[in-house]
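Here's the structure we're looking at; comments come further down.
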Amino acid sequence: MQEEFEQEPFRQVLFSFKGKAEKLIPMLHRVQENYGYLPEEALSPIATFLGITAGQVYSVASFYDEFRLTPLGKKRITVCRGTACHIRGAPQILEGIEQLIEIKDGETSDDLEYTLESVACIGCCALAPCIKINRDVHGEMSLEKVKELFFTTNEDNRDD
C-alpha cells in the first residue's frame, strides 16, 4: 500500500497545502476524507512533505478524536448515550450490541463489517433510546428490537 502514497492523486492532496506545517490538520482531514481513515503509510509522506517528524504527525492524528487511524466498518453503529437515552436503557442496548457483533465500543470488527461507537448525543431525544446504523436512526430501542434489527439487517444483506 505504501506505493499508493507515492502516486499522483495523493501527491496532489499534499501539494494543495503548499508544504506549510500549519496546514497539518486540514491536510489530515483531506486524507481521511479520501480514505475513510488515516492509513499509517500516509503519515510519513505527510511528515516529509511538511518538514516535520512522523511522530509529530502521529501525535496530532492520535490526539484528536475526529481522526481515525483504523478503517471503519461497512456498518457504522452509533449508540446514543445522552441523558434521555441513558435513562431509558442505552447502557444495556450498547452491551447487547457488543454481545451480538462481538466487538466493544470503539472497535471495528476484523472483517470490517461493523464499527461500534457511542456518542454523547445523536439529537433524537424523543426517540430514546436510539441508535444509528450509518445514517439511519432507529428509535425506542430495546434488546429485542436490537436483535430483530441485526438479524433482519444481516439477512437482507446476504448474497444468496
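In the C-alpha cells, chains take letters A, B, ... by order of appearance, with residues numbered from 1 within each chain and ligands from 1 in the order shown.
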Could you go through segment 22-80 of chain A and tell me which residues DSSP, when run on the backbone, assigns to helix (DSSP H, G or I), listing them as a ChimeraX atom specification? /A:22-35,40-50,54-63
List every residue of segment 20-132 of chain A that DSSP, applied to the backbone of this structure, assigns to strand (DSSP E), and report them as a ChimeraX atom specification. /A:75-80,114-119,131-132
Keeping C-alpha atoms, export the residues of the selection given above as a compact mmCIF listing (two decimals), in the first residue's frame.
```txt
# COMPACT_ATOMS: atom_id res chain seq x y z
CA LYS A 75 -21.93 -0.68 9.05
CA ARG A 76 -21.11 2.12 11.47
CA ILE A 77 -23.25 1.61 14.57
CA THR A 78 -23.61 4.63 16.82
CA VAL A 79 -25.27 4.28 20.20
CA CYS A 80 -26.53 7.45 21.86
CA TYR A 114 -19.02 -3.28 11.81
CA THR A 115 -17.71 -0.30 13.72
CA LEU A 116 -19.32 0.31 17.10
CA GLU A 117 -19.15 3.63 18.88
CA SER A 118 -21.10 5.53 21.48
CA VAL A 119 -21.61 9.28 21.32
CA ILE A 131 -29.01 4.11 17.66
CA LYS A 132 -27.82 4.91 14.18
```
Mind checking which residues fall within 10 Å of Leu127 of chain A, counting only C-alpha atoms, ignoring those fewer than 6 positions away in the same chain, and posting them as a ChimeraX atom specification? /A:84-85,88,137-141
Output C-alpha atoms for every residue in that selection, as a PDB file, in the first residue's frame.
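Heads up, here's the output in part_3.pdb:
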```pdb
ATOM      1  CA  ALA A  84     -32.625  10.620  27.771  1.00  0.00           C
ATOM      2  CA  CYS A  85     -31.136   7.535  26.123  1.00  0.00           C
ATOM      3  CA  ARG A  88     -34.155   4.663  29.031  1.00  0.00           C
ATOM      4  CA  VAL A 137     -31.773   6.350  13.040  1.00  0.00           C
ATOM      5  CA  HIS A 138     -33.607   3.623  14.949  1.00  0.00           C
ATOM      6  CA  GLY A 139     -35.552   4.823  17.976  1.00  0.00           C
ATOM      7  CA  GLU A 140     -37.268   3.415  21.022  1.00  0.00           C
ATOM      8  CA  MET A 141     -34.785   0.569  21.035  1.00  0.00           C
TER       9      MET A 141
END
```
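The spacing separating atom CA of Gly96 of chain A from atom CA of Glu148 of chain A amounts to 12.0 Å.
Between atom CA of Leu38 of chain A and atom CA of Leu69 of chain A the separation is 4.9 Å.
Take atom CA of Ser142 of chain A and atom CA of Ile103 of chain A: the distance between them is 18.9 Å.
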Neighbour list for Phe67 of chain A as a CSV table (one decimal) with N, CA and C atoms, in the first residue's frame, cut-off 9 Å, only C-alpha atoms, skip fewer than 2 positions in-chain:
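Saved the output as result36.csv:
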```
chain,number,residue,atom,x,y,z
A,28,LEU,N,-4.7,16.4,7.2
A,28,LEU,CA,-5.2,15.1,7.7
A,28,LEU,C,-6.6,14.9,7.5
A,29,HIS,N,-7.4,16.0,7.6
A,29,HIS,CA,-8.8,15.9,7.2
A,29,HIS,C,-9.0,15.5,5.8
A,32,GLN,N,-8.1,11.8,5.3
A,32,GLN,CA,-9.2,11.0,5.9
A,32,GLN,C,-10.4,11.0,5.0
A,37,TYR,N,-10.1,7.0,6.7
A,37,TYR,CA,-9.3,6.9,7.9
A,37,TYR,C,-7.9,7.4,7.5
A,38,LEU,N,-7.0,7.5,8.5
A,38,LEU,CA,-5.6,7.9,8.2
A,38,LEU,C,-4.7,6.7,8.1
A,60,VAL,N,-0.5,14.4,16.5
A,60,VAL,CA,-1.7,15.2,16.2
A,60,VAL,C,-2.9,14.3,15.8
A,61,ALA,N,-2.6,13.3,14.9
A,61,ALA,CA,-3.6,12.4,14.4
A,61,ALA,C,-4.2,11.5,15.6
A,62,SER,N,-3.4,11.2,16.5
A,62,SER,CA,-3.9,10.4,17.6
A,62,SER,C,-4.5,11.2,18.8
A,63,PHE,N,-4.2,12.5,18.8
A,63,PHE,CA,-4.7,13.4,19.9
A,63,PHE,C,-6.2,13.7,19.6
A,64,TYR,N,-6.6,14.0,18.4
A,64,TYR,CA,-7.9,14.5,18.1
A,64,TYR,C,-8.9,13.3,17.8
A,65,ASP,N,-10.0,13.3,18.5
A,65,ASP,CA,-11.0,12.2,18.3
A,65,ASP,C,-11.5,12.1,16.9
A,69,LEU,N,-7.3,6.2,12.9
A,69,LEU,CA,-6.1,5.5,12.4
A,69,LEU,C,-6.4,4.1,11.9
```
Give me, as number ranges by chain, all polymer residues having an atom no more than 12 Å from Val57 of chain A, counting only C-alpha atoms and skipping those fewer than 4 positions away in the same chain. A: 21-25, 27-28, 38-53, 61-64, 67, 69
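Closest to Cys125 of chain A among A:Leu100, A:Val146, A:Ile93, A:Ile87 is A:Ile87, based on only C-alpha atoms.
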